>>> print(open('model.txt').read())   # compact mmCIF, C-alpha atoms
# COMPACT_ATOMS: atom_id res chain seq x y z
CA ALA A 1016 30.86 7.48 4.95
CA LEU A 1017 28.95 5.53 2.31
CA CYS A 1018 31.25 2.52 2.55
CA TYR A 1019 28.77 0.53 4.61
CA LEU A 1020 26.15 0.56 1.85
CA PRO A 1021 25.95 -2.76 -0.04
CA GLU A 1022 27.19 -2.90 -3.61
CA PRO A 1023 24.33 -3.09 -6.10
CA GLU A 1024 24.36 -6.58 -7.60
CA ARG A 1025 24.69 -7.11 -11.32
CA GLY A 1026 21.35 -7.01 -13.05
CA ARG A 1027 19.57 -5.32 -10.10
CA LYS A 1028 17.42 -2.29 -10.82
CA PHE A 1029 18.92 -0.16 -8.04
CA PRO A 1030 20.30 2.51 -8.25
CA ARG A 1031 17.90 3.56 -10.97
CA HIS A 1032 19.67 6.74 -11.87
CA ARG A 1033 22.54 6.59 -14.30
CA PRO A 1034 25.78 7.93 -12.76
CA GLU A 1035 27.37 10.79 -14.71
CA ASN A 1036 30.47 8.77 -15.54
CA TYR A 1037 28.41 5.92 -16.99
CA SER A 1038 30.31 5.80 -20.26
CA SER A 1039 33.63 5.59 -18.43
CA GLN A 1040 32.22 2.79 -16.27
CA LYS A 1041 31.26 0.95 -19.43
CA ALA A 1042 34.81 1.42 -20.74
CA VAL A 1043 36.24 0.05 -17.47
CA ARG A 1044 33.88 -2.92 -17.62
CA ARG A 1045 34.85 -3.59 -21.19
CA LYS A 1046 38.53 -3.54 -20.30
CA SER A 1047 38.10 -5.86 -17.34
CA SER A 1048 35.92 -8.32 -19.27
CA SER A 1049 38.42 -8.52 -22.13
CA ARG A 1050 41.17 -9.07 -19.59
CA ARG A 1051 39.19 -11.99 -18.19
CA GLY A 1052 38.88 -13.38 -21.72
CA LEU A 1053 35.05 -12.91 -21.89
CA PRO A 1054 33.47 -11.54 -25.09
CA ASP A 1055 32.57 -7.81 -25.13
CA ALA A 1056 28.99 -8.66 -26.14
CA ASP A 1057 28.44 -9.92 -22.62
CA ALA A 1058 28.95 -6.45 -21.14
CA ASP A 1059 26.72 -4.82 -23.78
CA LEU A 1060 23.97 -7.37 -23.23
CA ASN A 1061 24.17 -6.76 -19.51
CA ALA A 1062 23.77 -3.04 -20.07
CA THR A 1063 20.74 -3.39 -22.33
CA LEU A 1064 19.02 -5.96 -20.13
CA ARG A 1065 19.29 -3.68 -17.12
CA ALA A 1066 15.69 -2.43 -16.86
CA THR A 1067 15.22 1.33 -17.01
CA MET A 1068 11.48 1.22 -16.27
CA THR A 1069 10.58 2.50 -12.82
CA LYS A 1070 7.98 0.92 -10.56
CA LEU A 1071 5.65 3.85 -11.19
CA THR A 1072 5.82 3.30 -14.94
CA GLN A 1073 5.12 -0.40 -14.47
CA TRP A 1074 2.07 0.27 -12.33
CA LEU A 1075 0.80 2.88 -14.79
CA TRP A 1076 1.27 0.45 -17.68
CA VAL A 1077 -0.73 -2.26 -15.91
CA LEU A 1078 -3.47 0.23 -15.00
CA VAL A 1079 -3.67 1.56 -18.54
CA LEU A 1080 -3.86 -1.94 -20.03
CA LEU A 1081 -6.51 -3.18 -17.61
CA GLY A 1082 -8.44 0.08 -17.86
CA SER A 1083 -8.52 0.00 -21.64
CA ALA A 1084 -9.60 -3.65 -21.60
CA TRP A 1085 -12.43 -2.78 -19.20
CA ALA A 1086 -13.48 0.26 -21.25
CA ALA A 1087 -13.48 -1.76 -24.46
CA LEU A 1088 -15.62 -4.49 -22.89
CA THR A 1089 -18.15 -2.19 -21.19
CA MET A 1090 -18.73 -0.05 -24.26
CA GLY A 1091 -19.09 -3.08 -26.49
CA ALA A 1092 -16.27 -1.90 -28.73
CA LEU A 1093 -15.14 -5.46 -29.33
CA GLY A 1094 -18.53 -6.40 -30.71
CA LEU A 1095 -19.00 -9.54 -28.65
CA GLU A 1096 -22.41 -9.99 -27.02
CA LEU A 1097 -21.80 -10.73 -23.34
CA PRO A 1098 -24.71 -12.27 -21.38
CA PHE A 1099 -26.58 -9.65 -19.36
CA PRO A 1100 -25.44 -10.78 -15.85
CA CYS A 1101 -21.80 -10.57 -17.00
CA GLN A 1102 -22.35 -7.03 -18.26
CA GLU A 1103 -23.98 -6.13 -14.96
CA VAL A 1104 -20.95 -7.44 -13.06
CA LEU A 1105 -18.46 -5.81 -15.40
CA TRP A 1106 -19.32 -2.13 -15.28
CA PRO A 1107 -18.92 -1.54 -11.49
CA LEU A 1108 -15.69 -3.59 -11.49
CA PRO A 1109 -13.17 -0.73 -10.94
CA ALA A 1110 -15.19 0.56 -7.99
CA TYR A 1111 -15.42 -2.99 -6.65
CA LEU A 1112 -11.65 -3.50 -6.89
CA LEU A 1113 -11.00 -0.19 -5.12
CA VAL A 1114 -13.43 -0.98 -2.32
CA SER A 1115 -12.04 -4.47 -1.80
CA ALA A 1116 -8.47 -3.09 -1.77
CA GLY A 1117 -9.56 -0.59 0.86
CA CYS A 1118 -11.21 -3.34 2.91
CA TYR A 1119 -8.08 -5.46 2.69
CA ALA A 1120 -5.93 -2.54 3.86
CA LEU A 1121 -8.28 -1.77 6.76
CA GLY A 1122 -8.49 -5.40 7.80
CA THR A 1123 -4.72 -5.89 7.68
CA VAL A 1124 -4.09 -2.78 9.76
CA GLY A 1125 -6.68 -3.86 12.31
CA TYR A 1126 -5.29 -7.39 12.51
CA ARG A 1127 -1.74 -6.17 13.02
CA VAL A 1128 -2.87 -3.72 15.71
CA ALA A 1129 -4.67 -6.53 17.50
CA THR A 1130 -1.78 -9.02 17.32
CA PHE A 1131 1.04 -6.60 18.06
CA HIS A 1132 3.44 -8.03 20.63
CA ASP A 1133 3.33 -5.80 23.66
CA CYS A 1134 6.18 -6.33 26.09
CA GLU A 1135 4.56 -5.10 29.29
CA ASP A 1136 7.41 -6.17 31.60
CA ALA A 1137 9.95 -4.42 29.43
CA ALA A 1138 7.78 -1.30 29.30
CA ARG A 1139 7.47 -1.16 33.08
CA GLU A 1140 11.20 -1.76 33.49
CA LEU A 1141 11.95 1.01 31.01
CA GLN A 1142 9.67 3.46 32.82
CA SER A 1143 11.37 2.74 36.16
CA GLN A 1144 14.78 3.16 34.54
CA ILE A 1145 13.68 6.51 33.13
CA LEU A 1146 12.61 7.67 36.60
CA GLU A 1147 15.93 6.46 38.02
CA ALA A 1148 17.85 8.36 35.36
CA ARG A 1149 15.85 11.54 35.92
CA ALA A 1150 16.50 11.36 39.68
CA ASP A 1151 20.19 10.74 39.09
CA LEU A 1152 20.56 13.62 36.66
CA ALA A 1153 18.54 15.94 38.88
CA ARG A 1154 20.89 15.06 41.73
CA ARG A 1155 23.85 15.96 39.53
CA GLY A 1156 22.32 19.36 38.87
CA LEU A 1157 20.53 19.06 35.52
CA ARG A 1158 17.21 20.90 35.68
CA PHE A 1159 14.23 19.39 33.88
CA MET B 245 -0.56 -10.23 21.83
CA ALA B 246 -1.73 -6.67 22.26
CA THR B 247 -3.80 -5.79 25.29
CA GLY B 248 -7.03 -4.08 26.20
CA THR B 249 -8.35 -1.46 23.84
CA ASP B 250 -5.78 -2.33 21.17
CA GLN B 251 -7.29 -5.77 20.75
CA VAL B 252 -10.84 -4.44 20.74
CA VAL B 253 -10.08 -1.77 18.17
CA GLY B 254 -8.03 -4.13 16.02
CA PHE B 255 -10.54 -6.93 15.85
CA GLY B 256 -13.31 -4.37 15.44
CA LEU B 257 -11.59 -3.04 12.33
CA VAL B 258 -11.19 -6.58 11.00
CA ALA B 259 -14.89 -7.29 11.58
CA VAL B 260 -15.97 -4.01 9.92
CA SER B 261 -13.81 -4.66 6.88
CA LEU B 262 -15.15 -8.22 6.53
CA ILE B 263 -18.75 -7.04 6.80
CA ILE B 264 -18.25 -4.32 4.19
CA PHE B 265 -16.42 -6.74 1.92
CA THR B 266 -19.04 -9.49 2.02
CA TYR B 267 -21.96 -7.08 1.63
CA TYR B 268 -20.31 -5.30 -1.28
CA THR B 269 -19.25 -8.55 -2.97
CA THR B 270 -22.78 -9.91 -2.73
CA TRP B 271 -24.14 -6.66 -4.12
CA VAL B 272 -21.78 -6.32 -7.09
CA ILE B 273 -20.85 -9.92 -7.99
CA LEU B 274 -23.60 -12.24 -6.82
CA LEU B 275 -26.87 -10.33 -7.25
CA PRO B 276 -26.90 -10.20 -11.09
CA PHE B 277 -26.87 -13.98 -11.13
CA ILE B 278 -29.78 -14.31 -8.74
CA ASP B 279 -33.33 -14.39 -10.08
CA SER B 280 -34.85 -10.90 -9.86
CA GLN B 281 -37.92 -12.23 -8.02
CA HIS B 282 -35.82 -13.58 -5.15
CA VAL B 283 -36.44 -12.02 -1.71
CA ILE B 284 -32.74 -11.17 -1.22
CA HIS B 285 -33.00 -8.20 -3.59
CA LYS B 286 -35.05 -6.45 -0.91
CA TYR B 287 -31.90 -5.99 1.20
CA PHE B 288 -29.88 -4.20 -1.46
CA LEU B 289 -30.20 -0.73 -2.96
CA PRO B 290 -30.49 -0.20 -6.71
CA ARG B 291 -27.30 -1.09 -8.51
CA ALA B 292 -26.25 2.47 -9.37
CA TYR B 293 -25.62 3.13 -5.69
CA ALA B 294 -22.93 0.44 -5.71
CA VAL B 295 -20.69 2.91 -7.53
CA LEU B 296 -22.11 6.20 -6.22
CA ILE B 297 -21.74 5.48 -2.51
CA PRO B 298 -18.01 4.48 -2.61
CA LEU B 299 -17.32 7.41 -4.95
CA ALA B 300 -19.00 9.92 -2.63
CA THR B 301 -17.29 8.42 0.43
CA GLY B 302 -13.92 8.56 -1.29
CA LEU B 303 -14.39 12.20 -2.26
CA LEU B 304 -15.44 13.12 1.28
CA LEU B 305 -12.40 11.32 2.72
CA LEU B 306 -10.08 13.12 0.32
CA LEU B 307 -11.57 16.48 1.26
CA PHE B 308 -11.22 15.80 4.97
CA VAL B 309 -7.65 14.54 4.62
CA GLY B 310 -6.76 18.00 3.41
CA LYS B 311 -8.70 19.77 6.16
CA THR B 312 -7.55 18.12 9.39
CA PRO B 313 -4.04 18.84 10.67
CA ILE B 314 -1.85 15.76 10.38
CA LEU B 315 0.86 16.93 12.75
CA GLN B 316 -0.05 18.69 15.95
CA TRP B 317 2.27 21.22 17.43
CA SER B 318 2.76 20.19 21.08
CA PRO B 319 4.41 22.23 23.84
CA ASP B 320 6.49 19.15 24.81
CA LEU B 321 8.60 19.48 21.69
CA ALA B 322 9.55 23.02 22.59
CA GLY B 323 10.26 21.92 26.21
CA CYS B 324 12.65 19.14 25.05
CA ALA B 325 14.69 21.54 22.96
CA SER B 326 15.25 23.94 25.85
CA THR B 327 16.99 21.38 28.11
CA LEU B 328 19.67 20.46 25.58
>>> encode(input="model.txt", output="structure tokens")
Amino acid sequence: ALCYLPEPERGRKFPRHRPENYSSQKAVRRKSSSRRGLPDADADLNATLRATMTKLTQWLWVLVLLGSAWAALTMGALGLELPFPCQEVLWPLPAYLLVSAGCYALGTVGYRVATFHDCEDAARELQSQILEARADLARRGLRF
Amino acid sequence: MATGTDQVVGFGLVAVSLIIFTYYTTWVILLPFIDSQHVIHKYFLPRAYAVLIPLATGLLLLLFVGKTPILQWSPDLAGCASTL
């Protein structure tokens, strides 16, 4: 029943898990590529370029890098004398980014709620059809 | 377009988020560059509160997310199952 799922394209990150018969897949790929006359290095390069880093790891990496940069700057570990206004802006920066991300989320949700396309005619039609169906089924003996 | 209360609530949320964003941006980003004798500093709390208030609000929200029930058991669900 999984035949309707699309084939993962070459070089795509999905599926992230390695199938158990990975080595046999590699052997099959090697055979087919040599049959096509392509060099075997192509298949190996493809395998190594296929990223094994998950989205979570990427996000954590970015956070760790930015966080360490911020910590180094606020504690003066790099030894450069920032002007006082810049220091004042720098130390609340993580809180500021969190608050602005929250504001963006709230604003986007509110905007999409306000501009959602209601189909009032279709809703009324659906309600009348539901009543019709209930009456019909009740006539045929189904008890609600 | 959405109708009635949906529009009011939606645009209300947008307005609230814009107000919070501009006030907070002025507080954190703009105030250090403004001369400390300027009258605008009267409208803003001391700078430490710029971190303490969001932190406290965040902690309160996290606590209340755990407390309130997310899903509510309704009698309708039980009624639906009995007709099948």
>>> atom_distance(input="model.txt", atom1="atom CA of A:Leu1121", atom2="atom CA of B:Phe255")
10.7 Å
>>> atom_distance(input="model.txt", atom1="atom CA of A:His1132", atom2="atom CA of A:Cys1118")
23.5 Å
>>> closest_residue(input="model.txt", among="B:Ala300, B:Ile263, B:Ile273, B:His285", to="chain A", atoms="all atoms listed in the file")
B:Ile273
>>> interface_residues(input="model.txt", of="chain A", to="chain B", cutoff="10 Å", atoms="all atoms listed in the file", output="JSON, numbers by chain")
{"A": [1099, 1100, 1101, 1102, 1103, 1104, 1105, 1106, 1107, 1108, 1109, 1110, 1111, 1112, 1113, 1114, 1115, 1116, 1117, 1118, 1119, 1120, 1121, 1122, 1123, 1124, 1125, 1126, 1127, 1128, 1129, 1130, 1131, 1132, 1133, 1134, 1135, 1157, 1158, 1159]}
>>> atom_distance(input="model.txt", atom1="atom CA of A:Ser1143", atom2="atom CA of A:Arg1155")
18.5 Å
>>> axis_aligned_box(input="model.txt", around="stretch 297-305 of chain B", padding_each_side="6 Å", output="JSON")
{"center_x": -17.1, "center_y": 8.8, "center_z": -1.1, "size_x": 21.3, "size_y": 20.6, "size_z": 19.7}
